[in-house]
Amino acid sequence: MLETAYLIPVYPLFAFTVIIFFTRWNEKLSSAISIGAILIGLVHSVGVLLALISRHGLPYEVSVPFIQHPKILLEVGMWIDPLTAVMLVVVAIVSSCVQVYSLGYMHGDPRWSRYFSYLSLFTFSMLGLVISNNFFMIFMFWELVGLTSYLLIGFWFEKKTASDAGKKAFITNRIGDFGFIIGIILLFAYAGTANYQEVFAKVSAGAISPGMLTAIGILLFCGAVGKSAQFPLHVWLPDAMEGPTPVSALIHAATMVAAGVYMVARGMTVFAGSAEASTVIAVIGLITSFMAATIALTQVDIKRVLAYSTCSQLGYMIMALGLYGVDYAHHHHSVGYYAGTFHLMTHAFFKALLFLGAGSVIHAVHTNDIFEMGGLRKKMNITSITFLIACLSISGIPPFSGFFSKDEIVVASSTHPFFFVGTLLIAFMTAFYMFRLYFLTFEGSPRNQHKYDHAHESPTSMTLPLIVLGFLSIFAGWTGLPFEWFGLTGFSHFVYHGELAEHHPSYLLMAISVVVGGSGILFSYLIYKRKAWSSEAIKAKVLPIQKFLFNKWYIDELYEATIIQPTLTLARKLWWFDASVIDGMVNFAGWFTVKWADAKELFDKYIIDGAVNGIGHVCMAGSFFLRFIQTGKVQFYALVIIVTSVAVVLYKVTPQGAIIYLVLALIVGGVGLLSRLARPERAETD
Amino acid sequence: MMMAYLALAAILFAIGIFGVLTRRNAIGILMSLELMFNAVNINLVTFNKFIAPEGLTGQIFAIFVVVVAAAEAVVGLAIVLLLYRNWKGVDIDNINIMKW
């Protein structure tokens, strides 16, 4: 299983190639190939995970040279450690669920085959990203997931907003990736290799100066900021909701946006080598998490609430990893690494479930506005139950999976008072807005009777993935139980960084975390279900804040004013320069060439042609006279021959005499000729 | 003595040239040409007799000229015949298709 693990990304790549080139015209076959490939990949991934568990998480590496040069060695290879194995399984599971779900959701779409081929290409890229063993490979796959994300956000490109969102995502990511590639190149330059393990060994040995390590850490983190939608590059993620909902679930909730978190976890040795870089990471994570949570409180688009929730949760993980890095740099031990990676896994399941549930609702009522929904629980049993499971999970209520991972994040932040308060505040807001979403969508009375009447439960192809993910949203967290279970140790003993350390569960922090989450749910219940307080009244009281949050902290407007407009103005100025100066020069060159050609035409016409014609005219004029020699009379010719022969003979005797003779002959001949011409034609005589 | 023969030949040649240049009748021209041939023959025989009497070269040459002249007369008369057919006459002045 481990030896052939490189095949896991190859299955979906194969599916992509076959669909694009051969079966695009056969829709059923295309989707079957795509789903078949990912299911095989899923089985293989699970096999790899089990194989790795049976060897107690001993990493497995295969590497072949890709570019060989005395100074540069780039490799293609795979590095399978517990983190990789877990990510492979998570990506494969979510991908499978989403592809099956798409059978129902994308029903009747005109670009069905292409959709499935893109999903396969994405899955290939994501699996490749996870399995790669060096920074150059991860960068390549990093860009590939960016590309497929762009393709899928703009999948319904007839819609202007969708194609714009695709471009926005791509360009925003480009900014982050610019830092990422510079970080990789610096790392390569200073460590002399791109291979993870060799780089980490160099970093641990202190081969890179602390200042440079901080710079590298922050630059690498730029990539994660872009890909994982962290402040200040988070603006693309909410807009990416223009894509099909299964895509949002797969790419913009569960897997691709997790790539940034995965990269931070993967490169933890580099980040943890610098307390400053780790602090930056933790602070950015906290800001993002807090900001996105506050924005999510006020949004009315079901998918946008989930998008900001994703942003917030990713910030959570980033913060946990950053805090681990800070502690590690100060030689403290922390559960941050375990918390971040564990939350990465559980979040993938429940967030995919939330998005797919939201997609199911949108499929039923054909609107994204939660204030046009309500009471859907009676119509959509499976969707509402699974959605509730996911909400409980993200709110951190035991025994759902989110509880285990969120609790660890709370533990990790407990040694940093500022972060601890932030974490709890965010946990409260998360529970509040998730249940606001739940109550407004599924509970209460329908606010749009027409839409309610047409609502119906989704087909089996859509509900089945919901059920599978529902189970995982409950049980995936149980791998985090702090004791042995069926002879298997928990997640924390499988995925870890550095030395394995024991975690002692803190029941006090657990209780705090549950109480905070529970109170969020309670407030939500009182406001949106019991209507103990009118949400309108609260809104009126804090209107400026509400407006500020509803407009997403005016960050898009800020970018519009500080970056986009100046860029456009500069572009217009440059256009003006192009149009007047550059084009002016070009046009002048053209005008001058025409005029110069006109002048040369005169030269050609009168000098060159004149010379040619002149020669012709001289020849014509000469021949006009010479032709009279050609009398056509044989006797005349004979006369000329004789006269000339005599002249030749005479020349031998007296040259002067010959010349005189010839002159005389010419005069006599000329006179005779002229008299002949002057004489009228003689009549025929025989 | 030799000069008399040469003078005769020269006079004969001049008469031939005059005939060739002035006759309008093509047959007349042919006849004048024969005069010129014979003037040359006289020269050849004369030189043979007075300058190189030990050989017969000049006389043989003269006979050659006679033979060739006979062949030439055949060709010439054939041309004259064709001229007559095409121009309904043998007046050399009318046969001027090579004029400019």
# chains A, B, ... in the order shown; residues from 1 in each chain; ligands from 1
>>> interface_residues(of="chain B", to="chain A", cutoff="8 Å", atoms="only C-alpha atoms", output="PyMOL selection string")
chain B and resi 20-22+89-100
>>> residues_around(residues="Phe37 of chain B", least_positions_apart="6", cutoff="8 Å", atoms="only C-alpha atoms", output="list in words")
Phe13, Val65, Val66 and Ala69 of chain B
>>> select_by_dssp(residues="chain B", states="helix (DSSP H, G or I)", output="PyMOL selection string")
chain B and resi 2-22+26-50+57-87+92-94
>>> residues_around(residues="segment 53-66 of chain A", least_positions_apart="5", cutoff="9 Å", atoms="only C-alpha atoms", output="PyMOL selection string")
chain A and resi 2-3+48+73-82+133+488+494-495
>>> residues_around(residues="segment 194-201 of chain A", least_positions_apart="3", cutoff="7 Å", atoms="only C-alpha atoms", output="PyMOL selection string")
chain A and resi 133-136+188+191+204-205+269-270
>>> closest_residue(among="A:Pro244, A:Gly518, A:Gly154, A:Pro655", to="Cys391 of chain A", atoms="only C-alpha atoms")
A:Gly518
>>> closest_residue(among="B:Asn86, B:Ile29, B:Arg23, B:Ala9", to="Thr46 of chain B", atoms="only C-alpha atoms")
B:Ala9
>>> residues_around(residues="Ser125 of chain A", least_positions_apart="4", cutoff="10 Å", atoms="only C-alpha atoms", output="PDB file with N, CA, C and O atoms, in the first residue's frame")
ATOM      1  N   PRO A   9      -2.913  10.157  -6.158  1.00  0.00           N
ATOM      2  CA  PRO A   9      -3.276  11.314  -6.994  1.00  0.00           C
ATOM      3  C   PRO A   9      -3.447  10.947  -8.463  1.00  0.00           C
ATOM      4  O   PRO A   9      -4.104  11.677  -9.189  1.00  0.00           O
ATOM      5  N   VAL A  10      -2.835   9.833  -8.877  1.00  0.00           N
ATOM      6  CA  VAL A  10      -2.868   9.503 -10.303  1.00  0.00           C
ATOM      7  C   VAL A  10      -4.270   9.070 -10.743  1.00  0.00           C
ATOM      8  O   VAL A  10      -4.685   9.369 -11.857  1.00  0.00           O
ATOM      9  N   PRO A  12      -7.376  10.196  -9.964  1.00  0.00           N
ATOM     10  CA  PRO A  12      -8.202  11.312 -10.480  1.00  0.00           C
ATOM     11  C   PRO A  12      -7.585  12.019 -11.679  1.00  0.00           C
ATOM     12  O   PRO A  12      -8.316  12.503 -12.542  1.00  0.00           O
ATOM     13  N   LEU A  13      -6.235  12.038 -11.756  1.00  0.00           N
ATOM     14  CA  LEU A  13      -5.604  12.640 -12.937  1.00  0.00           C
ATOM     15  C   LEU A  13      -5.984  11.850 -14.175  1.00  0.00           C
ATOM     16  O   LEU A  13      -6.320  12.415 -15.219  1.00  0.00           O
ATOM     17  N   LEU A 119     -13.444  18.633 -11.169  1.00  0.00           N
ATOM     18  CA  LEU A 119     -13.395  18.087  -9.803  1.00  0.00           C
ATOM     19  C   LEU A 119     -12.256  17.074  -9.688  1.00  0.00           C
ATOM     20  O   LEU A 119     -11.510  17.070  -8.706  1.00  0.00           O
ATOM     21  N   SER A 120     -12.109  16.238 -10.732  1.00  0.00           N
ATOM     22  CA  SER A 120     -11.030  15.241 -10.708  1.00  0.00           C
ATOM     23  C   SER A 120      -9.674  15.922 -10.707  1.00  0.00           C
ATOM     24  O   SER A 120      -8.762  15.524  -9.977  1.00  0.00           O
ATOM     25  N   LEU A 121      -9.557  16.952 -11.549  1.00  0.00           N
ATOM     26  CA  LEU A 121      -8.280  17.667 -11.613  1.00  0.00           C
ATOM     27  C   LEU A 121      -7.966  18.295 -10.260  1.00  0.00           C
ATOM     28  O   LEU A 121      -6.835  18.248  -9.782  1.00  0.00           O
ATOM     29  N   LEU A 129      -0.604  17.754  -3.604  1.00  0.00           N
ATOM     30  CA  LEU A 129      -0.084  18.749  -2.662  1.00  0.00           C
ATOM     31  C   LEU A 129       0.222  18.095  -1.321  1.00  0.00           C
ATOM     32  O   LEU A 129       1.237  18.375  -0.683  1.00  0.00           O
ATOM     33  N   VAL A 130      -0.683  17.204  -0.919  1.00  0.00           N
ATOM     34  CA  VAL A 130      -0.540  16.590   0.394  1.00  0.00           C
ATOM     35  C   VAL A 130       0.606  15.588   0.419  1.00  0.00           C
ATOM     36  O   VAL A 130       1.331  15.480   1.392  1.00  0.00           O
ATOM     37  N   ILE A 131       0.780  14.883  -0.718  1.00  0.00           N
ATOM     38  CA  ILE A 131       1.702  13.744  -0.712  1.00  0.00           C
ATOM     39  C   ILE A 131       3.132  14.165  -1.042  1.00  0.00           C
ATOM     40  O   ILE A 131       4.070  13.407  -0.840  1.00  0.00           O
ATOM     41  N   ILE A 138       5.237  21.045  -3.695  1.00  0.00           N
ATOM     42  CA  ILE A 138       4.039  21.580  -3.031  1.00  0.00           C
ATOM     43  C   ILE A 138       3.643  22.876  -3.717  1.00  0.00           C
ATOM     44  O   ILE A 138       2.457  23.158  -3.905  1.00  0.00           O
ATOM     45  N   MET A 140       4.041  23.609  -6.919  1.00  0.00           N
ATOM     46  CA  MET A 140       3.382  23.288  -8.192  1.00  0.00           C
ATOM     47  C   MET A 140       1.927  22.898  -7.957  1.00  0.00           C
ATOM     48  O   MET A 140       1.013  23.390  -8.617  1.00  0.00           O
ATOM     49  N   PHE A 141       1.722  22.001  -7.009  1.00  0.00           N
ATOM     50  CA  PHE A 141       0.348  21.568  -6.749  1.00  0.00           C
ATOM     51  C   PHE A 141      -0.466  22.703  -6.145  1.00  0.00           C
ATOM     52  O   PHE A 141      -1.661  22.820  -6.365  1.00  0.00           O
ATOM     53  N   TRP A 142       0.214  23.534  -5.392  1.00  0.00           N
ATOM     54  CA  TRP A 142      -0.408  24.720  -4.790  1.00  0.00           C
ATOM     55  C   TRP A 142      -1.032  25.576  -5.898  1.00  0.00           C
ATOM     56  O   TRP A 142      -2.171  26.025  -5.814  1.00  0.00           O
ATOM     57  N   GLU A 143      -0.244  25.790  -6.963  1.00  0.00           N
ATOM     58  CA  GLU A 143      -0.745  26.587  -8.079  1.00  0.00           C
ATOM     59  C   GLU A 143      -1.838  25.849  -8.834  1.00  0.00           C
ATOM     60  O   GLU A 143      -2.778  26.458  -9.331  1.00  0.00           O
ATOM     61  N   LEU A 144      -1.698  24.520  -8.915  1.00  0.00           N
ATOM     62  CA  LEU A 144      -2.731  23.741  -9.613  1.00  0.00           C
ATOM     63  C   LEU A 144      -4.075  23.826  -8.899  1.00  0.00           C
ATOM     64  O   LEU A 144      -5.100  23.986  -9.541  1.00  0.00           O
ATOM     65  N   VAL A 145      -4.056  23.742  -7.556  1.00  0.00           N
ATOM     66  CA  VAL A 145      -5.340  23.869  -6.855  1.00  0.00           C
ATOM     67  C   VAL A 145      -5.877  25.278  -7.043  1.00  0.00           C
ATOM     68  O   VAL A 145      -7.087  25.476  -7.157  1.00  0.00           O
ATOM     69  N   GLY A 146      -4.985  26.267  -7.114  1.00  0.00           N
ATOM     70  CA  GLY A 146      -5.437  27.627  -7.373  1.00  0.00           C
ATOM     71  C   GLY A 146      -6.124  27.719  -8.719  1.00  0.00           C
ATOM     72  O   GLY A 146      -7.183  28.334  -8.852  1.00  0.00           O
ATOM     73  N   LEU A 147      -5.532  27.061  -9.708  1.00  0.00           N
ATOM     74  CA  LEU A 147      -6.119  27.078 -11.049  1.00  0.00           C
ATOM     75  C   LEU A 147      -7.489  26.421 -11.064  1.00  0.00           C
ATOM     76  O   LEU A 147      -8.464  26.977 -11.574  1.00  0.00           O
ATOM     77  N   THR A 148      -7.576  25.225 -10.478  1.00  0.00           N
ATOM     78  CA  THR A 148      -8.862  24.529 -10.512  1.00  0.00           C
ATOM     79  C   THR A 148      -9.894  25.290  -9.694  1.00  0.00           C
ATOM     80  O   THR A 148     -11.075  25.319 -10.056  1.00  0.00           O
ATOM     81  N   MET A 256      -9.156  22.763  -0.160  1.00  0.00           N
ATOM     82  CA  MET A 256      -8.136  23.666  -0.680  1.00  0.00           C
ATOM     83  C   MET A 256      -7.749  24.743   0.321  1.00  0.00           C
ATOM     84  O   MET A 256      -6.568  25.019   0.515  1.00  0.00           O
TER      85      MET A 256
END
>>> closest_residue(among="A:Leu650, A:Ser209, A:Met241, A:Met126", to="Gly166 of chain A", atoms="only C-alpha atoms")
A:Met241
>>> closest_residue(among="A:Phe471, A:Phe603, A:Phe442, A:Phe428", to="Gly517 of chain A", atoms="only C-alpha atoms")
A:Phe428
>>> atom_distance(atom1="atom CA of Ala70 of chain B", atom2="atom CA of Asn43 of chain B")
18.7 Å
>>> residues_around(residues="Ser524 of chain A", least_positions_apart="5", cutoff="6 Å", atoms="only C-alpha atoms", output="VMD selection string")
chain A and resid 432 435 to 436
>>> atom_distance(atom1="atom CA of Leu356 of chain A", atom2="atom CA of Gly402 of chain A")
17.5 Å
>>> atom_distance(atom1="atom CA of Ser102 of chain A", atom2="atom CA of Phe439 of chain A")
26.1 Å
>>> residues_around(residues="Asn41 of chain B", least_positions_apart="4", cutoff="12 Å", atoms="only C-alpha atoms", output="ChimeraX atom specification")
/B:5-6,8-10,12-13,34-37,45-48,57-69
>>> write_last_selection(atoms="C-alpha atoms", output="short mmCIF file (atom, residue, chain, number, x, y, z; two decimals), in the first residue's frame")
data_model
loop_
_atom_site.label_atom_id
_atom_site.label_comp_id
_atom_site.auth_asym_id
_atom_site.auth_seq_id
_atom_site.Cartn_x
_atom_site.Cartn_y
_atom_site.Cartn_z
CA TYR B 5 45.20 37.76 -118.78
CA LEU B 6 44.78 39.42 -115.40
CA LEU B 8 40.91 40.41 -118.91
CA ALA B 9 39.91 38.70 -115.70
CA ALA B 10 39.55 42.05 -113.90
CA LEU B 12 35.32 40.43 -116.77
CA PHE B 13 34.89 40.56 -112.96
CA GLU B 34 28.63 33.31 -113.89
CA LEU B 35 30.79 36.04 -115.44
CA MET B 36 32.37 36.70 -112.03
CA PHE B 37 33.04 32.97 -111.50
CA VAL B 45 44.45 29.30 -114.59
CA THR B 46 46.68 32.30 -115.25
CA PHE B 47 48.46 32.05 -111.95
CA ASN B 48 48.84 28.33 -112.49
CA THR B 57 46.44 23.03 -108.67
CA GLY B 58 45.00 26.16 -110.28
CA GLN B 59 43.47 24.27 -113.17
CA ILE B 60 41.89 21.69 -110.88
CA PHE B 61 40.57 24.50 -108.75
CA ALA B 62 39.05 26.10 -111.84
CA ILE B 63 37.29 22.86 -112.70
CA PHE B 64 35.99 22.68 -109.12
CA VAL B 65 34.65 26.19 -109.48
CA VAL B 66 32.88 25.23 -112.68
CA VAL B 67 31.29 22.22 -110.97
CA VAL B 68 30.23 24.21 -107.94
CA ALA B 69 28.99 27.01 -110.21
#
